[in-house]
file input.txt (compact mmCIF, N, CA, C and O atoms)
# COMPACT_ATOMS: atom_id res chain seq x y z
N MET A 1 104.52 141.44 102.29
CA MET A 1 103.81 140.27 101.85
C MET A 1 104.61 139.03 102.27
O MET A 1 105.80 138.97 102.07
N THR A 2 103.93 138.06 102.83
CA THR A 2 104.60 136.83 103.24
C THR A 2 104.37 135.74 102.22
O THR A 2 103.35 135.73 101.53
N ALA A 3 105.32 134.86 102.13
CA ALA A 3 105.19 133.74 101.18
C ALA A 3 104.18 132.74 101.71
O ALA A 3 104.17 132.42 102.89
N GLN A 4 103.36 132.27 100.82
CA GLN A 4 102.37 131.25 101.16
C GLN A 4 102.76 129.95 100.47
O GLN A 4 103.22 129.97 99.34
N PRO A 5 102.56 128.81 101.14
CA PRO A 5 102.87 127.54 100.46
C PRO A 5 101.96 127.35 99.26
O PRO A 5 100.80 127.75 99.29
N MET A 6 102.50 126.77 98.22
CA MET A 6 101.70 126.51 97.02
C MET A 6 100.68 125.42 97.33
O MET A 6 100.98 124.46 98.03
N GLN A 7 99.51 125.61 96.81
CA GLN A 7 98.49 124.57 96.92
C GLN A 7 98.84 123.48 95.92
O GLN A 7 99.08 123.75 94.76
N SER A 8 98.90 122.24 96.37
CA SER A 8 99.20 121.17 95.42
C SER A 8 97.91 120.73 94.74
O SER A 8 96.84 120.74 95.33
N SER A 9 98.05 120.34 93.51
CA SER A 9 96.93 119.85 92.73
C SER A 9 96.66 118.40 93.13
O SER A 9 97.60 117.65 93.41
N LEU A 10 95.41 118.01 93.12
CA LEU A 10 95.09 116.61 93.40
C LEU A 10 95.68 115.69 92.35
O LEU A 10 95.95 114.53 92.62
N ASP A 11 95.88 116.20 91.14
CA ASP A 11 96.42 115.40 90.06
C ASP A 11 97.94 115.55 89.93
O ASP A 11 98.52 115.18 88.92
N ASP A 12 98.59 116.07 90.96
CA ASP A 12 100.04 116.22 90.99
C ASP A 12 100.67 114.82 91.05
O ASP A 12 100.33 114.02 91.92
N PRO A 13 101.60 114.50 90.14
CA PRO A 13 102.18 113.16 90.13
C PRO A 13 102.83 112.78 91.46
O PRO A 13 102.77 111.61 91.86
N SER A 14 103.45 113.72 92.15
CA SER A 14 104.08 113.38 93.44
C SER A 14 103.03 113.04 94.49
O SER A 14 103.25 112.17 95.33
N GLU A 15 101.88 113.69 94.43
CA GLU A 15 100.79 113.37 95.36
C GLU A 15 100.20 112.00 95.04
O GLU A 15 99.85 111.24 95.94
N ILE A 16 100.09 111.70 93.76
CA ILE A 16 99.58 110.39 93.36
C ILE A 16 100.52 109.30 93.87
O ILE A 16 100.08 108.31 94.46
N LEU A 17 101.83 109.49 93.67
CA LEU A 17 102.80 108.50 94.15
C LEU A 17 102.77 108.35 95.66
O LEU A 17 102.93 107.25 96.18
N ARG A 18 102.58 109.45 96.35
CA ARG A 18 102.53 109.40 97.82
C ARG A 18 101.38 108.53 98.29
O ARG A 18 101.51 107.74 99.22
N LEU A 19 100.24 108.65 97.65
CA LEU A 19 99.04 107.92 98.04
C LEU A 19 99.01 106.49 97.49
O LEU A 19 98.51 105.57 98.15
N LEU A 20 99.58 106.28 96.34
CA LEU A 20 99.52 105.01 95.64
C LEU A 20 100.37 103.95 96.33
O LEU A 20 101.54 104.19 96.64
N PRO A 21 99.82 102.76 96.58
CA PRO A 21 100.65 101.67 97.14
C PRO A 21 101.83 101.37 96.21
O PRO A 21 101.71 101.46 94.98
N ALA A 22 102.96 101.01 96.79
CA ALA A 22 104.21 100.82 96.05
C ALA A 22 104.10 99.83 94.89
O ALA A 22 104.75 100.01 93.87
N LYS A 23 103.25 98.82 95.02
CA LYS A 23 103.16 97.82 93.95
C LYS A 23 102.62 98.40 92.64
O LYS A 23 102.77 97.79 91.59
N TRP A 24 102.04 99.60 92.70
CA TRP A 24 101.48 100.24 91.51
C TRP A 24 102.39 101.33 90.95
O TRP A 24 102.11 101.88 89.88
N HIS A 25 103.47 101.68 91.64
CA HIS A 25 104.34 102.79 91.21
C HIS A 25 104.90 102.59 89.80
O HIS A 25 104.89 103.52 89.00
N GLU A 26 105.41 101.41 89.50
CA GLU A 26 106.02 101.18 88.19
C GLU A 26 105.02 101.39 87.06
O GLU A 26 105.32 102.04 86.05
N GLN A 27 103.81 100.86 87.21
CA GLN A 27 102.80 101.01 86.16
C GLN A 27 102.41 102.48 86.02
O GLN A 27 102.29 102.99 84.90
N PHE A 28 102.20 103.17 87.15
CA PHE A 28 101.86 104.59 87.08
C PHE A 28 102.94 105.38 86.37
O PHE A 28 102.66 106.17 85.46
N LEU A 29 104.21 105.18 86.78
CA LEU A 29 105.30 105.95 86.20
C LEU A 29 105.45 105.66 84.70
O LEU A 29 105.73 106.58 83.92
N SER A 30 105.23 104.43 84.30
CA SER A 30 105.31 104.10 82.89
C SER A 30 104.23 104.84 82.09
O SER A 30 104.52 105.46 81.05
N GLU A 31 103.00 104.81 82.57
CA GLU A 31 101.91 105.50 81.88
C GLU A 31 102.09 107.01 81.94
O GLU A 31 101.81 107.72 80.96
N TYR A 32 102.56 107.52 83.06
CA TYR A 32 102.79 108.96 83.21
C TYR A 32 103.86 109.43 82.24
O TYR A 32 103.68 110.42 81.52
N HIS A 33 105.00 108.71 82.17
CA HIS A 33 106.07 109.12 81.26
C HIS A 33 105.63 109.03 79.80
O HIS A 33 106.00 109.89 78.99
N GLY A 34 104.84 108.03 79.47
CA GLY A 34 104.31 107.94 78.10
C GLY A 34 103.43 109.12 77.76
O GLY A 34 103.54 109.71 76.67
N ALA A 35 102.55 109.48 78.68
CA ALA A 35 101.66 110.63 78.45
C ALA A 35 102.44 111.94 78.45
O ALA A 35 102.13 112.85 77.68
N LEU A 36 103.46 112.02 79.28
CA LEU A 36 104.29 113.22 79.33
C LEU A 36 105.03 113.41 78.00
O LEU A 36 105.08 114.51 77.45
N ASP A 37 105.57 112.33 77.47
CA ASP A 37 106.24 112.40 76.16
C ASP A 37 105.25 112.81 75.07
O ASP A 37 105.57 113.63 74.21
N ALA A 38 104.06 112.25 75.11
CA ALA A 38 103.04 112.58 74.11
C ALA A 38 102.60 114.04 74.22
O ALA A 38 102.24 114.66 73.22
N ALA A 39 102.65 114.60 75.42
CA ALA A 39 102.19 115.97 75.64
C ALA A 39 103.07 117.01 74.97
O ALA A 39 102.71 118.18 74.91
N HIS A 40 104.21 116.59 74.41
CA HIS A 40 105.02 117.53 73.64
C HIS A 40 104.26 118.00 72.41
O HIS A 40 104.52 119.07 71.88
N GLU A 41 103.34 117.17 71.95
CA GLU A 41 102.43 117.57 70.88
C GLU A 41 101.26 118.27 71.56
O GLU A 41 100.55 117.67 72.37
N VAL A 42 101.09 119.53 71.25
CA VAL A 42 100.08 120.35 71.93
C VAL A 42 98.70 119.69 71.93
O VAL A 42 98.01 119.69 72.95
N TRP A 43 98.33 119.09 70.83
CA TRP A 43 97.00 118.51 70.72
C TRP A 43 96.84 117.26 71.59
O TRP A 43 95.73 116.77 71.76
N ARG A 44 97.94 116.76 72.18
CA ARG A 44 97.86 115.57 73.05
C ARG A 44 98.03 115.90 74.53
O ARG A 44 98.09 115.00 75.36
N PHE A 45 98.07 117.18 74.87
CA PHE A 45 98.26 117.57 76.26
C PHE A 45 97.14 117.02 77.15
O PHE A 45 97.39 116.61 78.28
N GLN A 46 95.93 117.00 76.66
CA GLN A 46 94.80 116.51 77.46
C GLN A 46 95.02 115.07 77.89
O GLN A 46 94.57 114.66 78.95
N GLN A 47 95.73 114.30 77.08
CA GLN A 47 96.02 112.90 77.43
C GLN A 47 96.78 112.83 78.76
O GLN A 47 96.49 111.99 79.60
N LEU A 48 97.73 113.72 78.95
CA LEU A 48 98.49 113.77 80.21
C LEU A 48 97.55 114.08 81.37
O LEU A 48 97.60 113.41 82.41
N ARG A 49 96.69 115.05 81.21
CA ARG A 49 95.74 115.39 82.27
C ARG A 49 94.81 114.22 82.58
O ARG A 49 94.52 113.95 83.75
N ASP A 50 94.37 113.51 81.55
CA ASP A 50 93.49 112.36 81.75
C ASP A 50 94.20 111.23 82.50
O ASP A 50 93.62 110.61 83.39
N VAL A 51 95.46 110.96 82.13
CA VAL A 51 96.23 109.91 82.82
C VAL A 51 96.39 110.26 84.30
O VAL A 51 96.19 109.41 85.17
N LEU A 52 96.74 111.50 84.59
CA LEU A 52 96.91 111.91 85.99
C LEU A 52 95.60 111.82 86.76
O LEU A 52 95.57 111.35 87.91
N HIS A 53 94.53 112.25 86.15
CA HIS A 53 93.23 112.20 86.83
C HIS A 53 92.82 110.75 87.12
O HIS A 53 92.39 110.42 88.23
N LEU A 54 92.97 109.89 86.12
CA LEU A 54 92.62 108.48 86.30
C LEU A 54 93.47 107.85 87.40
O LEU A 54 92.95 107.12 88.26
N TRP A 55 94.77 108.13 87.41
CA TRP A 55 95.63 107.55 88.43
C TRP A 55 95.36 108.12 89.82
O TRP A 55 95.53 107.44 90.82
N ARG A 56 94.90 109.37 89.90
CA ARG A 56 94.52 109.90 91.22
C ARG A 56 93.33 109.11 91.75
O ARG A 56 93.29 108.74 92.93
N LEU A 57 92.37 108.83 90.89
CA LEU A 57 91.21 108.04 91.32
C LEU A 57 91.64 106.62 91.71
O LEU A 57 91.18 106.09 92.72
N ARG A 58 92.53 106.04 90.91
CA ARG A 58 93.03 104.71 91.23
C ARG A 58 93.78 104.72 92.57
O ARG A 58 93.62 103.80 93.38
N ALA A 59 94.61 105.72 92.78
CA ALA A 59 95.38 105.80 94.02
C ALA A 59 94.45 105.84 95.23
O ALA A 59 94.69 105.18 96.24
N ALA A 60 93.38 106.61 95.11
CA ALA A 60 92.41 106.68 96.21
C ALA A 60 91.78 105.31 96.45
O ALA A 60 91.63 104.87 97.59
N ALA A 61 91.43 104.62 95.37
CA ALA A 61 90.81 103.30 95.51
C ALA A 61 91.80 102.26 96.01
O ALA A 61 91.52 101.53 96.96
N TYR A 62 92.98 102.21 95.37
CA TYR A 62 93.96 101.18 95.71
C TYR A 62 94.48 101.31 97.13
O TYR A 62 94.89 100.32 97.74
N SER A 63 94.49 102.52 97.67
CA SER A 63 95.02 102.72 99.03
C SER A 63 93.97 102.46 100.11
O SER A 63 94.29 102.41 101.28
N ASP A 64 92.73 102.28 99.70
CA ASP A 64 91.66 102.00 100.66
C ASP A 64 91.87 100.60 101.25
O ASP A 64 92.08 99.64 100.51
N PRO A 65 91.81 100.47 102.58
CA PRO A 65 92.03 99.15 103.21
C PRO A 65 91.07 98.06 102.73
O PRO A 65 91.40 96.88 102.74
N GLY A 66 89.88 98.43 102.28
CA GLY A 66 88.91 97.44 101.83
C GLY A 66 88.97 97.15 100.34
O GLY A 66 88.14 96.41 99.82
N PHE A 67 89.96 97.71 99.65
CA PHE A 67 90.02 97.56 98.19
C PHE A 67 90.13 96.10 97.75
O PHE A 67 89.41 95.66 96.86
N ASP A 68 91.03 95.34 98.35
CA ASP A 68 91.23 93.95 97.92
C ASP A 68 89.95 93.13 98.10
O ASP A 68 89.61 92.30 97.25
N HIS A 69 89.25 93.37 99.20
CA HIS A 69 87.98 92.66 99.43
C HIS A 69 86.96 93.06 98.37
O HIS A 69 86.26 92.19 97.82
N ALA A 70 86.87 94.35 98.07
CA ALA A 70 85.92 94.82 97.06
C ALA A 70 86.27 94.28 95.68
O ALA A 70 85.37 93.91 94.90
N LEU A 71 87.55 94.21 95.38
CA LEU A 71 87.98 93.67 94.09
C LEU A 71 87.56 92.20 93.96
O LEU A 71 87.05 91.77 92.93
N GLN A 72 87.76 91.45 95.02
CA GLN A 72 87.35 90.04 95.01
C GLN A 72 85.83 89.91 94.85
O GLN A 72 85.35 89.04 94.13
N ALA A 73 85.08 90.80 95.49
CA ALA A 73 83.62 90.77 95.36
C ALA A 73 83.20 91.02 93.92
O ALA A 73 82.27 90.37 93.43
N THR A 74 83.87 91.93 93.23
CA THR A 74 83.52 92.18 91.82
C THR A 74 83.89 90.99 90.95
O THR A 74 83.15 90.64 90.04
N ARG A 75 85.03 90.37 91.24
CA ARG A 75 85.45 89.20 90.46
C ARG A 75 84.48 88.03 90.63
O ARG A 75 84.31 87.23 89.72
N GLU A 76 83.88 87.95 91.80
CA GLU A 76 82.93 86.88 92.07
C GLU A 76 81.49 87.31 91.81
O GLU A 76 80.55 86.61 92.18
N ASP A 77 81.33 88.48 91.20
CA ASP A 77 80.02 89.02 90.82
C ASP A 77 79.08 89.14 92.02
O ASP A 77 77.90 88.84 91.93
N ARG A 78 79.62 89.55 93.15
CA ARG A 78 78.81 89.79 94.35
C ARG A 78 78.41 91.26 94.36
O ARG A 78 78.86 92.05 95.18
N ALA A 79 77.55 91.63 93.43
CA ALA A 79 77.17 93.02 93.21
C ALA A 79 76.57 93.69 94.44
O ALA A 79 76.64 94.90 94.60
N ASP A 80 75.98 92.90 95.33
CA ASP A 80 75.38 93.48 96.53
C ASP A 80 76.44 94.05 97.49
O ASP A 80 76.12 94.78 98.41
N GLU A 81 77.73 93.77 97.25
CA GLU A 81 78.80 94.23 98.13
C GLU A 81 79.52 95.47 97.61
O GLU A 81 80.45 95.95 98.25
N PHE A 82 79.14 96.00 96.45
CA PHE A 82 79.83 97.18 95.94
C PHE A 82 78.87 98.09 95.19
O PHE A 82 77.79 97.70 94.82
N VAL A 83 79.31 99.32 95.01
CA VAL A 83 78.54 100.33 94.29
C VAL A 83 79.22 100.53 92.94
O VAL A 83 80.44 100.72 92.87
N PRO A 84 78.47 100.53 91.84
CA PRO A 84 79.07 100.77 90.53
C PRO A 84 79.76 102.14 90.48
O PRO A 84 79.30 103.11 91.11
N ALA A 85 80.86 102.22 89.77
CA ALA A 85 81.65 103.45 89.69
C ALA A 85 80.79 104.64 89.23
O ALA A 85 80.98 105.76 89.71
N GLU A 86 79.88 104.41 88.31
CA GLU A 86 79.05 105.49 87.79
C GLU A 86 78.24 106.18 88.90
O GLU A 86 77.91 107.35 88.80
N GLN A 87 77.93 105.44 89.95
CA GLN A 87 77.17 106.00 91.07
C GLN A 87 78.09 106.62 92.12
O GLN A 87 77.68 107.52 92.84
N ALA A 88 79.32 106.14 92.21
CA ALA A 88 80.22 106.58 93.27
C ALA A 88 81.13 107.75 92.88
O ALA A 88 81.53 108.52 93.73
N ILE A 89 81.45 107.88 91.60
CA ILE A 89 82.40 108.90 91.16
C ILE A 89 81.64 110.02 90.46
O ILE A 89 81.00 109.79 89.43
N PRO A 90 81.73 111.23 90.99
CA PRO A 90 81.04 112.34 90.33
C PRO A 90 81.72 112.66 89.00
O PRO A 90 82.91 112.40 88.83
N PRO A 91 80.97 113.19 88.05
CA PRO A 91 81.58 113.55 86.76
C PRO A 91 82.63 114.64 86.95
O PRO A 91 82.49 115.51 87.83
N ARG A 92 83.66 114.58 86.14
CA ARG A 92 84.73 115.59 86.21
C ARG A 92 84.22 116.87 85.58
O ARG A 92 83.66 116.86 84.48
N THR A 93 84.41 117.97 86.27
CA THR A 93 84.00 119.26 85.74
C THR A 93 85.21 119.98 85.20
O THR A 93 86.33 119.82 85.69
N SER A 94 85.01 120.77 84.18
CA SER A 94 86.12 121.52 83.61
C SER A 94 86.28 122.83 84.38
O SER A 94 85.34 123.36 84.95
N VAL A 95 87.48 123.33 84.37
CA VAL A 95 87.79 124.58 85.03
C VAL A 95 87.45 125.71 84.07
O VAL A 95 87.87 125.69 82.91
N PRO A 96 86.70 126.72 84.52
CA PRO A 96 86.33 127.81 83.61
C PRO A 96 87.58 128.58 83.16
O PRO A 96 88.53 128.75 83.92
N ALA A 97 87.56 129.01 81.92
CA ALA A 97 88.67 129.78 81.39
C ALA A 97 88.68 131.17 82.01
O ALA A 97 87.64 131.74 82.33
N VAL A 98 89.87 131.71 82.19
CA VAL A 98 90.02 133.06 82.73
C VAL A 98 90.12 134.02 81.57
O VAL A 98 90.95 133.83 80.67
N SER A 99 89.27 135.02 81.55
CA SER A 99 89.32 135.98 80.45
C SER A 99 90.28 137.11 80.80
O SER A 99 90.47 137.46 81.96
N ALA A 100 90.89 137.66 79.78
CA ALA A 100 91.87 138.73 79.98
C ALA A 100 91.22 140.08 80.09
O ALA A 100 90.19 140.36 79.68

call {"tool": "encode", "arguments": {"input": "input.txt", "output": "structure tokens"}}
result
Amino acid sequence: MTAQPMQSSLDDPSEILRLLPAKWHEQFLSEYHGALDAAHEVWRFQQLRDVLHLWRLRAAAYSDPGFDHALQATREDRADEFVPAEQAIPPRTSVPAVSA
């Protein structure tokens, strides 16, 4: 049997940092560390997953070359230049549980 490289998760913090423009790293790391600390409480683990998922979406948006232009269009209420997030982002699906 040969070793296969591990598949990285889209919500992997290192992948998020790789994609995220540097000006956002400090904010991401602050929110990530806060959620990571909170995840020590089992009932708050989902918060960590939510933070990572949200930042993955942000990283994709913030790294897009047209992001600054689109942001300005939303600030100036030029709705004809952008698509609302509800139409552009598919709903997150849960991963089915594995039965023993």

call {"tool": "atom_distance", "arguments": {"input": "input.txt", "atom1": "atom N of Leu29 in chain A", "atom2": "atom N of Ala85 in chain A"}}
result
23.7 Å

call {"tool": "residues_around", "arguments": {"input": "input.txt", "residues": "Gln47 in chain A", "least_positions_apart": "5", "cutoff": "8 Å", "atoms": "only N, CA, C and O atoms", "output": "number ranges by chain"}}
result
A: 31-32, 34-36, 38-39, 41-42, 52-54

call {"tool": "residues_around", "arguments": {"input": "input.txt", "residues": "Arg58 in chain A", "least_positions_apart": "3", "cutoff": "12 Å", "atoms": "only C-alpha atoms", "output": "PyMOL selection string"}}
result
chain A and resi 11+16-17+19-21+24-25+27-28+51-55+61-64+67+85+89

call {"tool": "atom_distance", "arguments": {"input": "input.txt", "atom1": "atom N of Gln46 in chain A", "atom2": "atom C of Ala59 in chain A"}}
result
21.7 Å

call {"tool": "atom_distance", "arguments": {"input": "input.txt", "atom1": "atom C of Trp43 in chain A", "atom2": "atom O of Glu26 in chain A"}}
result
22.6 Å

call {"tool": "select_by_dssp", "arguments": {"input": "input.txt", "residues": "chain A", "states": "helix (DSSP H, G or I)", "output": "number ranges by chain"}}
result
A: 13-19, 22-38, 42-62, 67-75, 79-81, 85-88

call {"tool": "axis_aligned_box", "arguments": {"input": "input.txt", "around": "range 49-60 of chain A", "padding_each_side": "5 Å", "output": "JSON"}}
result
{"center_x": 94.0, "center_y": 109.6, "center_z": 89.4, "size_x": 15.7, "size_y": 21.6, "size_z": 26.4}

call {"tool": "residues_near_point", "arguments": {"input": "input.txt", "point": "(97.7, 119.4, 90.1)", "cutoff": "12 Å", "atoms": "only C-alpha atoms", "output": "compact mmCIF listing (two decimals) with N, CA, C and O atoms, keeping the file's coordinate frame"}}
result
# COMPACT_ATOMS: atom_id res chain seq x y z
N MET A 6 102.50 126.77 98.22
CA MET A 6 101.70 126.51 97.02
C MET A 6 100.68 125.42 97.33
O MET A 6 100.98 124.46 98.03
N GLN A 7 99.51 125.61 96.81
CA GLN A 7 98.49 124.57 96.92
C GLN A 7 98.84 123.48 95.92
O GLN A 7 99.08 123.75 94.76
N SER A 8 98.90 122.24 96.37
CA SER A 8 99.20 121.17 95.42
C SER A 8 97.91 120.73 94.74
O SER A 8 96.84 120.74 95.33
N SER A 9 98.05 120.34 93.51
CA SER A 9 96.93 119.85 92.73
C SER A 9 96.66 118.40 93.13
O SER A 9 97.60 117.65 93.41
N LEU A 10 95.41 118.01 93.12
CA LEU A 10 95.09 116.61 93.40
C LEU A 10 95.68 115.69 92.35
O LEU A 10 95.95 114.53 92.62
N ASP A 11 95.88 116.20 91.14
CA ASP A 11 96.42 115.40 90.06
C ASP A 11 97.94 115.55 89.93
O ASP A 11 98.52 115.18 88.92
N ASP A 12 98.59 116.07 90.96
CA ASP A 12 100.04 116.22 90.99
C ASP A 12 100.67 114.82 91.05
O ASP A 12 100.33 114.02 91.92
N PRO A 13 101.60 114.50 90.14
CA PRO A 13 102.18 113.16 90.13
C PRO A 13 102.83 112.78 91.46
O PRO A 13 102.77 111.61 91.86
N SER A 14 103.45 113.72 92.15
CA SER A 14 104.08 113.38 93.44
C SER A 14 103.03 113.04 94.49
O SER A 14 103.25 112.17 95.33
N GLU A 15 101.88 113.69 94.43
CA GLU A 15 100.79 113.37 95.36
C GLU A 15 100.20 112.00 95.04
O GLU A 15 99.85 111.24 95.94
N ILE A 16 100.09 111.70 93.76
CA ILE A 16 99.58 110.39 93.36
C ILE A 16 100.52 109.30 93.87
O ILE A 16 100.08 108.31 94.46
N LEU A 48 97.73 113.72 78.95
CA LEU A 48 98.49 113.77 80.21
C LEU A 48 97.55 114.08 81.37
O LEU A 48 97.60 113.41 82.41
N ARG A 49 96.69 115.05 81.21
CA ARG A 49 95.74 115.39 82.27
C ARG A 49 94.81 114.22 82.58
O ARG A 49 94.52 113.95 83.75
N ASP A 50 94.37 113.51 81.55
CA ASP A 50 93.49 112.36 81.75
C ASP A 50 94.20 111.23 82.50
O ASP A 50 93.62 110.61 83.39
N LEU A 52 96.74 111.50 84.59
CA LEU A 52 96.91 111.91 85.99
C LEU A 52 95.60 111.82 86.76
O LEU A 52 95.57 111.35 87.91
N HIS A 53 94.53 112.25 86.15
CA HIS A 53 93.23 112.20 86.83
C HIS A 53 92.82 110.75 87.12
O HIS A 53 92.39 110.42 88.23
N ARG A 56 94.90 109.37 89.90
CA ARG A 56 94.52 109.90 91.22
C ARG A 56 93.33 109.11 91.75
O ARG A 56 93.29 108.74 92.93
